[in-house]
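Source file: protein_32.pdb; contents: PDB, C-alpha atoms.
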```
ATOM      1  CA  MET A 135     -56.611  82.209  -2.708
ATOM      2  CA  LYS A 136     -58.531  80.714   0.175
ATOM      3  CA  ASN A 137     -57.079  79.564   3.495
ATOM      4  CA  PHE A 138     -56.544  75.795   3.650
ATOM      5  CA  SER A 139     -55.438  75.598   7.283
ATOM      6  CA  GLY A 140     -57.357  75.572  10.540
ATOM      7  CA  ASN A 141     -59.141  73.584  13.190
ATOM      8  CA  VAL A 142     -60.305  70.131  12.132
ATOM      9  CA  LEU A 143     -63.833  68.703  12.147
ATOM     10  CA  PHE A 144     -63.663  64.896  12.138
ATOM     11  CA  LEU A 145     -66.616  63.079  10.542
ATOM     12  CA  ASP A 146     -65.958  59.386  11.130
ATOM     13  CA  ARG A 147     -68.307  57.901   8.560
ATOM     14  CA  SER A 148     -68.319  56.918   4.902
ATOM     15  CA  ASP A 149     -70.979  57.803   2.319
ATOM     16  CA  ILE A 150     -71.902  61.245   3.659
ATOM     17  CA  ASN A 151     -74.216  62.456   0.924
ATOM     18  CA  THR A 152     -75.070  65.911  -0.363
ATOM     19  CA  ASP A 153     -78.474  65.849   1.388
ATOM     20  CA  GLU A 154     -76.632  65.422   4.684
ATOM     21  CA  ILE A 155     -74.163  68.169   3.792
ATOM     22  CA  ILE A 156     -77.005  70.586   2.938
ATOM     23  CA  PRO A 157     -80.620  69.364   3.117
ATOM     24  CA  ALA A 158     -82.606  69.756  -0.115
ATOM     25  CA  LYS A 159     -85.247  71.914   1.587
ATOM     26  CA  TYR A 160     -82.704  74.787   1.631
ATOM     27  CA  LEU A 161     -81.817  74.687  -2.062
ATOM     28  CA  THR A 162     -84.240  77.491  -2.840
ATOM     29  CA  GLU A 163     -82.250  80.008  -0.763
ATOM     30  CA  ASN A 164     -81.263  83.115  -2.735
ATOM     31  CA  SER A 165     -77.619  83.293  -1.665
ATOM     32  CA  LYS A 166     -74.740  81.065  -0.658
ATOM     33  CA  GLN A 167     -74.601  82.827   2.711
ATOM     34  CA  ALA A 168     -78.194  81.794   3.456
ATOM     35  CA  LEU A 169     -76.999  78.157   3.481
ATOM     36  CA  ARG A 170     -74.534  78.788   6.327
ATOM     37  CA  PRO A 171     -76.608  77.714   9.360
ATOM     38  CA  TYR A 172     -77.763  74.454   7.766
ATOM     39  CA  LEU A 173     -74.434  72.743   7.026
ATOM     40  CA  LEU A 174     -74.547  69.101   8.168
ATOM     41  CA  GLU A 175     -77.912  69.685   9.850
ATOM     42  CA  ASP A 176     -79.255  66.232   8.901
ATOM     43  CA  ILE A 177     -76.125  64.097   9.235
ATOM     44  CA  LYS A 178     -76.505  60.888  11.209
ATOM     45  CA  LEU A 179     -73.353  60.541  13.287
ATOM     46  CA  GLU A 180     -73.377  59.516  16.929
ATOM     47  CA  GLY A 181     -72.466  62.367  19.263
ATOM     48  CA  PHE A 182     -72.401  64.949  16.460
ATOM     49  CA  ASN A 183     -74.304  68.208  16.821
ATOM     50  CA  ALA A 184     -73.950  70.564  13.855
ATOM     51  CA  THR A 185     -74.842  73.653  15.874
ATOM     52  CA  ARG A 186     -72.064  72.911  18.365
ATOM     53  CA  ASP A 187     -69.450  71.084  16.298
ATOM     54  CA  VAL A 188     -69.120  73.037  13.017
ATOM     55  CA  GLU A 189     -68.431  76.514  14.424
ATOM     56  CA  GLY A 190     -64.742  77.398  14.378
ATOM     57  CA  LYS A 191     -63.722  74.491  12.155
ATOM     58  CA  ASN A 192     -61.922  75.108   8.861
ATOM     59  CA  VAL A 193     -61.020  71.606   7.661
ATOM     60  CA  ILE A 194     -63.054  68.396   7.429
ATOM     61  CA  ILE A 195     -61.414  64.971   7.652
ATOM     62  CA  THR A 196     -63.715  62.078   6.851
ATOM     63  CA  ARG A 197     -63.941  58.615   5.298
ATOM     64  CA  ALA A 198     -64.859  57.247   1.851
ATOM     65  CA  ASN A 199     -67.267  58.514  -0.813
ATOM     66  CA  PHE A 200     -67.827  61.975   0.680
ATOM     67  CA  GLY A 201     -70.315  64.066  -1.311
ATOM     68  CA  CYS A 202     -72.192  61.173  -2.901
ATOM     69  CA  GLY A 203     -75.822  61.591  -3.923
ATOM     70  CA  SER A 204     -77.239  64.497  -5.888
ATOM     71  CA  SER A 205     -74.758  66.489  -7.952
ATOM     72  CA  ARG A 206     -75.471  69.932  -6.567
ATOM     73  CA  GLU A 207     -73.112  72.859  -6.162
ATOM     74  CA  HIS A 208     -74.961  73.810  -2.984
ATOM     75  CA  ALA A 209     -73.005  71.231  -0.967
ATOM     76  CA  PRO A 210     -69.590  72.842  -1.616
ATOM     77  CA  TRP A 211     -71.188  76.284  -1.256
ATOM     78  CA  ALA A 212     -72.526  75.409   2.222
ATOM     79  CA  ILE A 213     -69.062  74.195   3.191
ATOM     80  CA  GLU A 214     -67.421  77.332   1.766
ATOM     81  CA  VAL A 215     -69.672  79.840   3.562
ATOM     82  CA  ASN A 216     -68.761  78.122   6.833
ATOM     83  CA  ASN A 217     -65.081  78.985   6.158
ATOM     84  CA  ILE A 218     -64.181  75.378   5.452
ATOM     85  CA  HIS A 219     -62.053  75.272   2.313
ATOM     86  CA  LEU A 220     -60.435  71.849   2.634
ATOM     87  CA  VAL A 221     -61.999  68.394   2.877
ATOM     88  CA  ILE A 222     -59.734  65.364   3.224
ATOM     89  CA  ALA A 223     -61.190  61.905   2.635
ATOM     90  CA  GLU A 224     -60.393  58.416   1.423
ATOM     91  CA  SER A 225     -62.449  59.191  -1.689
ATOM     92  CA  PHE A 226     -65.048  61.601  -3.047
ATOM     93  CA  ALA A 227     -67.999  61.428  -5.367
ATOM     94  CA  ARG A 228     -66.529  62.621  -8.669
ATOM     95  CA  ILE A 229     -68.845  65.583  -9.252
ATOM     96  CA  PHE A 230     -68.626  66.795  -5.645
ATOM     97  CA  ARG A 231     -64.824  66.690  -5.808
ATOM     98  CA  GLN A 232     -64.732  68.720  -9.013
ATOM     99  CA  ASN A 233     -67.276  71.219  -7.658
ATOM    100  CA  MET A 234     -64.946  71.802  -4.689
ATOM    101  CA  PHE A 235     -62.021  72.682  -6.978
ATOM    102  CA  ASN A 236     -64.314  74.693  -9.273
ATOM    103  CA  CYS A 237     -65.123  76.841  -6.212
ATOM    104  CA  GLY A 238     -61.415  77.291  -5.426
ATOM    105  CA  MET A 239     -61.475  74.811  -2.558
ATOM    106  CA  MET A 240     -59.568  71.565  -2.036
ATOM    107  CA  ALA A 241     -60.881  67.987  -1.903
ATOM    108  CA  VAL A 242     -57.840  65.823  -1.213
ATOM    109  CA  GLU A 243     -57.833  62.041  -1.220
ATOM    110  CA  LEU A 244     -55.488  60.162   1.102
ATOM    111  CA  PRO A 245     -55.004  56.392   1.407
ATOM    112  CA  VAL A 246     -57.248  54.470   3.816
ATOM    113  CA  ARG A 247     -54.277  53.591   6.016
ATOM    114  CA  THR A 248     -53.336  57.272   6.323
ATOM    115  CA  ILE A 249     -56.897  58.333   7.165
ATOM    116  CA  ASP A 250     -57.119  55.506   9.729
ATOM    117  CA  GLY A 251     -53.916  56.759  11.362
ATOM    118  CA  ILE A 252     -55.149  60.353  11.471
ATOM    119  CA  PHE A 253     -58.398  59.291  13.157
ATOM    120  CA  LYS A 254     -56.527  57.052  15.626
ATOM    121  CA  ASP A 255     -54.004  59.726  16.602
ATOM    122  CA  PHE A 256     -56.024  62.948  16.404
ATOM    123  CA  ALA A 257     -59.814  62.504  16.166
ATOM    124  CA  HIS A 258     -60.699  62.924  19.826
ATOM    125  CA  ARG A 259     -58.534  65.978  20.409
ATOM    126  CA  GLU A 260     -58.527  69.638  19.456
ATOM    127  CA  THR A 261     -56.584  69.340  16.219
ATOM    128  CA  TYR A 262     -55.066  71.961  13.919
ATOM    129  CA  LEU A 263     -54.061  71.272  10.325
ATOM    130  CA  GLU A 264     -51.672  73.485   8.388
ATOM    131  CA  THR A 265     -51.454  73.161   4.615
ATOM    132  CA  ASP A 266     -48.134  73.817   2.928
ATOM    133  CA  LEU A 267     -49.368  74.056  -0.644
ATOM    134  CA  GLU A 268     -45.917  74.718  -2.068
ATOM    135  CA  LYS A 269     -44.512  71.485  -0.571
ATOM    136  CA  SER A 270     -47.802  69.542  -0.877
ATOM    137  CA  VAL A 271     -47.821  68.522   2.771
ATOM    138  CA  PHE A 272     -50.288  68.713   5.639
ATOM    139  CA  ILE A 273     -48.934  69.299   9.145
ATOM    140  CA  ILE A 274     -51.365  68.052  11.778
ATOM    141  CA  THR A 275     -50.908  69.106  15.411
ATOM    142  CA  ALA A 276     -52.694  68.245  18.659
ATOM    143  CA  ASP A 277     -51.386  68.388  22.232
ATOM    144  CA  GLY A 278     -47.764  68.576  21.097
ATOM    145  CA  GLN A 279     -48.076  65.623  18.712
ATOM    146  CA  HIS A 280     -47.303  66.351  15.039
ATOM    147  CA  ALA A 281     -47.681  64.457  11.803
ATOM    148  CA  LYS A 282     -46.546  65.476   8.319
ATOM    149  CA  ILE A 283     -48.632  63.962   5.569
ATOM    150  CA  PRO A 284     -47.796  64.449   1.887
ATOM    151  CA  PHE A 285     -50.615  64.850  -0.619
ATOM    152  CA  LEU A 286     -51.004  65.036  -4.378
ATOM    153  CA  ILE A 287     -53.258  67.202  -6.495
ATOM    154  CA  SER A 288     -53.101  67.666 -10.236
ATOM    155  CA  ASN A 289     -51.537  70.745 -11.794
ATOM    156  CA  PHE A 290     -54.947  71.763 -13.127
ATOM    157  CA  ASP A 291     -56.607  71.472  -9.700
ATOM    158  CA  ARG A 292     -53.709  73.446  -8.218
ATOM    159  CA  ALA A 293     -54.272  76.149 -10.853
ATOM    160  CA  LEU A 294     -57.976  76.269  -9.963
ATOM    161  CA  ILE A 295     -57.284  76.827  -6.268
ATOM    162  CA  MET A 296     -54.480  79.321  -6.937
ATOM    163  CA  THR A 297     -56.831  81.475  -9.039
ATOM    164  CA  GLY A 298     -59.850  81.103  -6.745
ATOM    165  CA  GLY A 299     -61.875  78.639  -8.805
ATOM    166  CA  TRP A 300     -63.078  77.910 -12.309
ATOM    167  CA  VAL A 301     -64.603  81.324 -13.117
ATOM    168  CA  ASP A 302     -61.455  83.227 -12.147
ATOM    169  CA  TYR A 303     -59.282  80.634 -13.887
ATOM    170  CA  ALA A 304     -61.314  80.964 -17.107
ATOM    171  CA  ASP A 305     -61.180  84.768 -16.885
ATOM    172  CA  SER A 306     -57.380  84.602 -16.647
ATOM    173  CA  LYS A 307     -57.005  82.174 -19.577
ATOM    174  CA  TYR A 308     -59.685  83.020 -22.109
TER     175      TYR A 308
END
```

Take the structure in the file and give it back as structure tokens.
Amino acid sequence: MKNFSGNVLFLDRSDINTDEIIPAKYLTENSKQALRPYLLEDIKLEGFNATRDVEGKNVIITRANFGCGSSREHAPWAIEVNNIHLVIAESFARIFRQNMFNCGMMAVELPVRTIDGIFKDFAHRETYLETDLEKSVFIITADGQHAKIPFLISNFDRALIMTGGWVDYADSKY
């Protein structure tokens, strides 16, 4: 099972599409690892620099409709090879969300009000998020401030992440 805790990368924008997550010009790469340096290379977000801001981050917190656009597995793969295994958003494009779970990663939706509060309280600070999968709660910490945020995922999605993704799940069941 992957690690779902770590330092947080805040992307304060809705409708971040798969071309911004991993530009199409890199889709011919021969391995997932080859995608690593190009994650979020083309995103338009004031003050954001992918080269500087992605390194050392393990969790993304963002706004609505994350992963919209082309339905390519390369977007979750580029996230995964950068050691980011959890994306939290108001909502996800359906296929992107399922591709995350199929790869053994988590794409968790939280209410708009909760996401707004997280951005207000934590976005401009060095923030760490711990995932307690057993209790279905995130513990967010920055500068001595803490927040516990419950989350829900389906039993099937939980099974996918516990086994490492769809291929390992299918191997264990069929």

Review point. Out of A:Lys159, A:His219, A:Lys191, A:Arg206, which residue has the shortest atom-to-atom distance to Asp176 in chain A when counting only C-alpha atoms?
Key: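 Looking at the shortest contact to Asp176 in chain A, the residue is A:Lys159.
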
Point to revise | Proximity to Ser225 in chain A - best of A:Phe138, A:Phe200, A:Tyr308, A:Tyr160, all atoms listed in the file | key: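 Closest to Ser225 in chain A, using all atoms listed in the file: A:Phe200.
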
Check your understanding: If you measure from CA of Gly278 in chain A to CA of Leu145 in chain A, what distance in Å do you get, rounded to one decimal?
Key ->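 Calculated distance between CA of Gly278 in chain A and CA of Leu145 in chain A is 22.3 Å.
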
**Study point:** Shell of 12 Å around Ile287 in chain A, all atoms listed in the file, local chain residues under 5 positions omitted, as a PyMOL selection string
**Key:** chain A and resi 222+231-232+235+239-244+267-271+292-295

Point to revise | Matched chain/residue IDs from the PyMOL selection byres ((chain A and resi 136) around 10), as an MDAnalysis selection string | key: chainID A and resid 135 137:139 214 217:220 237:240 295:299

Next, dump the selected residues to file, keeping only C-alpha atoms, as a PDB file, in the coordinates of the input.
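Heads up, here's the output in result-v3.pdb:
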```pdb
ATOM      1  CA  MET A 135     -56.611  82.209  -2.708  1.00  0.00           C
ATOM      2  CA  ASN A 137     -57.079  79.564   3.495  1.00  0.00           C
ATOM      3  CA  PHE A 138     -56.544  75.795   3.650  1.00  0.00           C
ATOM      4  CA  SER A 139     -55.438  75.598   7.283  1.00  0.00           C
ATOM      5  CA  GLU A 214     -67.421  77.332   1.766  1.00  0.00           C
ATOM      6  CA  ASN A 217     -65.081  78.985   6.158  1.00  0.00           C
ATOM      7  CA  ILE A 218     -64.181  75.378   5.452  1.00  0.00           C
ATOM      8  CA  HIS A 219     -62.053  75.272   2.313  1.00  0.00           C
ATOM      9  CA  LEU A 220     -60.435  71.849   2.634  1.00  0.00           C
ATOM     10  CA  CYS A 237     -65.123  76.841  -6.212  1.00  0.00           C
ATOM     11  CA  GLY A 238     -61.415  77.291  -5.426  1.00  0.00           C
ATOM     12  CA  MET A 239     -61.475  74.811  -2.558  1.00  0.00           C
ATOM     13  CA  MET A 240     -59.568  71.565  -2.036  1.00  0.00           C
ATOM     14  CA  ILE A 295     -57.284  76.827  -6.268  1.00  0.00           C
ATOM     15  CA  MET A 296     -54.480  79.321  -6.937  1.00  0.00           C
ATOM     16  CA  THR A 297     -56.831  81.475  -9.039  1.00  0.00           C
ATOM     17  CA  GLY A 298     -59.850  81.103  -6.745  1.00  0.00           C
ATOM     18  CA  GLY A 299     -61.875  78.639  -8.805  1.00  0.00           C
TER      19      GLY A 299
END
```

Practice item. I need the residue set behind the PyMOL selection byres ((chain A and resi 247-256) around 12) for this file; please write it as a PyMOL selection string. Key: chain A and resi 141-148+194-198+222-225+242-246+257-263+272-285

Write the residues of the preceding selection, restricted to C-alpha atoms, as an mmCIF file, in the frame of the given file.
```cif
data_model
loop_
_atom_site.group_PDB
_atom_site.id
_atom_site.type_symbol
_atom_site.label_atom_id
_atom_site.label_comp_id
_atom_site.auth_asym_id
_atom_site.auth_seq_id
_atom_site.Cartn_x
_atom_site.Cartn_y
_atom_site.Cartn_z
ATOM 1 C CA ASN A 141 -59.141 73.584 13.190
ATOM 2 C CA VAL A 142 -60.305 70.131 12.132
ATOM 3 C CA LEU A 143 -63.833 68.703 12.147
ATOM 4 C CA PHE A 144 -63.663 64.896 12.138
ATOM 5 C CA LEU A 145 -66.616 63.079 10.542
ATOM 6 C CA ASP A 146 -65.958 59.386 11.130
ATOM 7 C CA ARG A 147 -68.307 57.901 8.560
ATOM 8 C CA SER A 148 -68.319 56.918 4.902
ATOM 9 C CA ILE A 194 -63.054 68.396 7.429
ATOM 10 C CA ILE A 195 -61.414 64.971 7.652
ATOM 11 C CA THR A 196 -63.715 62.078 6.851
ATOM 12 C CA ARG A 197 -63.941 58.615 5.298
ATOM 13 C CA ALA A 198 -64.859 57.247 1.851
ATOM 14 C CA ILE A 222 -59.734 65.364 3.224
ATOM 15 C CA ALA A 223 -61.190 61.905 2.635
ATOM 16 C CA GLU A 224 -60.393 58.416 1.423
ATOM 17 C CA SER A 225 -62.449 59.191 -1.689
ATOM 18 C CA VAL A 242 -57.840 65.823 -1.213
ATOM 19 C CA GLU A 243 -57.833 62.041 -1.220
ATOM 20 C CA LEU A 244 -55.488 60.162 1.102
ATOM 21 C CA PRO A 245 -55.004 56.392 1.407
ATOM 22 C CA VAL A 246 -57.248 54.470 3.816
ATOM 23 C CA ALA A 257 -59.814 62.504 16.166
ATOM 24 C CA HIS A 258 -60.699 62.924 19.826
ATOM 25 C CA ARG A 259 -58.534 65.978 20.409
ATOM 26 C CA GLU A 260 -58.527 69.638 19.456
ATOM 27 C CA THR A 261 -56.584 69.340 16.219
ATOM 28 C CA TYR A 262 -55.066 71.961 13.919
ATOM 29 C CA LEU A 263 -54.061 71.272 10.325
ATOM 30 C CA PHE A 272 -50.288 68.713 5.639
ATOM 31 C CA ILE A 273 -48.934 69.299 9.145
ATOM 32 C CA ILE A 274 -51.365 68.052 11.778
ATOM 33 C CA THR A 275 -50.908 69.106 15.411
ATOM 34 C CA ALA A 276 -52.694 68.245 18.659
ATOM 35 C CA ASP A 277 -51.386 68.388 22.232
ATOM 36 C CA GLY A 278 -47.764 68.576 21.097
ATOM 37 C CA GLN A 279 -48.076 65.623 18.712
ATOM 38 C CA HIS A 280 -47.303 66.351 15.039
ATOM 39 C CA ALA A 281 -47.681 64.457 11.803
ATOM 40 C CA LYS A 282 -46.546 65.476 8.319
ATOM 41 C CA ILE A 283 -48.632 63.962 5.569
ATOM 42 C CA PRO A 284 -47.796 64.449 1.887
ATOM 43 C CA PHE A 285 -50.615 64.850 -0.619
#
```

Check your understanding: Between CA of Asp149 in chain A and CA of Ile177 in chain A, what is the spacing in Å?
Key ->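 These atoms are spaced 10.7 Å apart.
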
Practice item. Rank A:Trp300, A:Phe226, A:Trp211, A:Phe290 by their smallest atom-to-atom distance to Gln167 in chain A, using all atoms listed in the file, and report the top residue only. Key: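 Nearest candidate to Gln167 in chain A out of A:Trp300, A:Phe226, A:Trp211, A:Phe290: A:Trp211.
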
Exercise for review: Find the residue from A:Gly181, A:Ala158, A:Asn236, A:Ser204 that sits nearest to Val301 in chain A; use all atoms listed in the file when measuring.
Suggested key: A:Asn236

Review point. What separation in Å, quoted to one decimal, exists between CA of Asn151 in chain A and CA of Thr265 in chain A?
Key: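 Between CA of Asn151 in chain A and CA of Thr265 in chain A the gap works out to 25.4 Å.
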
Review point. Looking at all atoms listed in the file, which of A:Met234, A:Val215, A:Cys202, A:Val221 is the one that sits closest to Glu189 in chain A?
Key: A:Val215

Check your understanding: Closest to Gly201 in chain A among A:Glu180, A:Asp302, A:Asp153, A:Glu175, using only C-alpha atoms?
Key ->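 Closest to Gly201 in chain A of all the choices is A:Asp153.
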
Review point. Using only C-alpha atoms, which residues sit within 9 Å of Pro171 in chain A once same-chain residues fewer than 3 positions away are excluded, as a list in words?
Key: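 Using only C-alpha atoms, the neighbours found are Gln167, Ala168, Leu174, Glu175, Ala184, Thr185, Ala212 and Asn216 of chain A.
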
Generate N, CA and C atoms for range 137-159 of chain A and emit them as a compact mmCIF listing (two decimals), in the coordinates of the input.
```txt
# COMPACT_ATOMS: atom_id res chain seq x y z
N ASN A 137 -57.91 80.14 2.44
CA ASN A 137 -57.08 79.56 3.50
C ASN A 137 -57.39 78.08 3.62
N PHE A 138 -56.37 77.25 3.58
CA PHE A 138 -56.54 75.80 3.65
C PHE A 138 -56.00 75.21 4.95
N SER A 139 -55.91 76.03 5.97
CA SER A 139 -55.44 75.60 7.28
C SER A 139 -56.50 75.93 8.32
N GLY A 140 -56.44 75.23 9.46
CA GLY A 140 -57.36 75.57 10.54
C GLY A 140 -57.70 74.39 11.41
N ASN A 141 -58.67 74.62 12.27
CA ASN A 141 -59.14 73.58 13.19
C ASN A 141 -59.92 72.52 12.43
N VAL A 142 -59.77 71.27 12.87
CA VAL A 142 -60.30 70.13 12.13
C VAL A 142 -61.63 69.64 12.72
N LEU A 143 -62.58 69.38 11.83
CA LEU A 143 -63.83 68.70 12.15
C LEU A 143 -63.70 67.28 11.62
N PHE A 144 -63.74 66.30 12.53
CA PHE A 144 -63.66 64.90 12.14
C PHE A 144 -65.07 64.34 11.98
N LEU A 145 -65.34 63.74 10.82
CA LEU A 145 -66.62 63.08 10.54
C LEU A 145 -66.30 61.62 10.23
N ASP A 146 -66.41 60.78 11.23
CA ASP A 146 -65.96 59.39 11.13
C ASP A 146 -67.06 58.49 10.55
N ARG A 147 -67.30 58.69 9.26
CA ARG A 147 -68.31 57.90 8.56
C ARG A 147 -68.08 57.99 7.06
N SER A 148 -68.35 56.93 6.37
CA SER A 148 -68.32 56.92 4.90
C SER A 148 -69.69 57.28 4.35
N ASP A 149 -69.74 57.58 3.06
CA ASP A 149 -70.98 57.80 2.32
C ASP A 149 -71.81 58.97 2.86
N ILE A 150 -71.17 60.04 3.27
CA ILE A 150 -71.90 61.24 3.66
C ILE A 150 -72.35 61.91 2.37
N ASN A 151 -73.68 62.00 2.20
CA ASN A 151 -74.22 62.46 0.92
C ASN A 151 -74.54 63.96 0.95
N THR A 152 -74.83 64.47 -0.23
CA THR A 152 -75.07 65.91 -0.36
C THR A 152 -76.32 66.36 0.39
N ASP A 153 -77.30 65.48 0.58
CA ASP A 153 -78.47 65.85 1.39
C ASP A 153 -78.10 66.01 2.86
N GLU A 154 -77.09 65.27 3.31
CA GLU A 154 -76.63 65.42 4.68
C GLU A 154 -75.73 66.65 4.82
N ILE A 155 -75.01 66.98 3.77
CA ILE A 155 -74.16 68.17 3.79
C ILE A 155 -75.04 69.42 3.82
N ILE A 156 -76.03 69.48 2.93
CA ILE A 156 -77.00 70.59 2.94
C ILE A 156 -78.36 70.01 2.51
N PRO A 157 -79.31 69.95 3.44
CA PRO A 157 -80.62 69.36 3.12
C PRO A 157 -81.30 70.06 1.93
N ALA A 158 -81.97 69.26 1.11
CA ALA A 158 -82.61 69.76 -0.12
C ALA A 158 -83.61 70.87 0.14
N LYS A 159 -84.24 70.89 1.31
CA LYS A 159 -85.25 71.91 1.59
C LYS A 159 -84.66 73.33 1.58
```
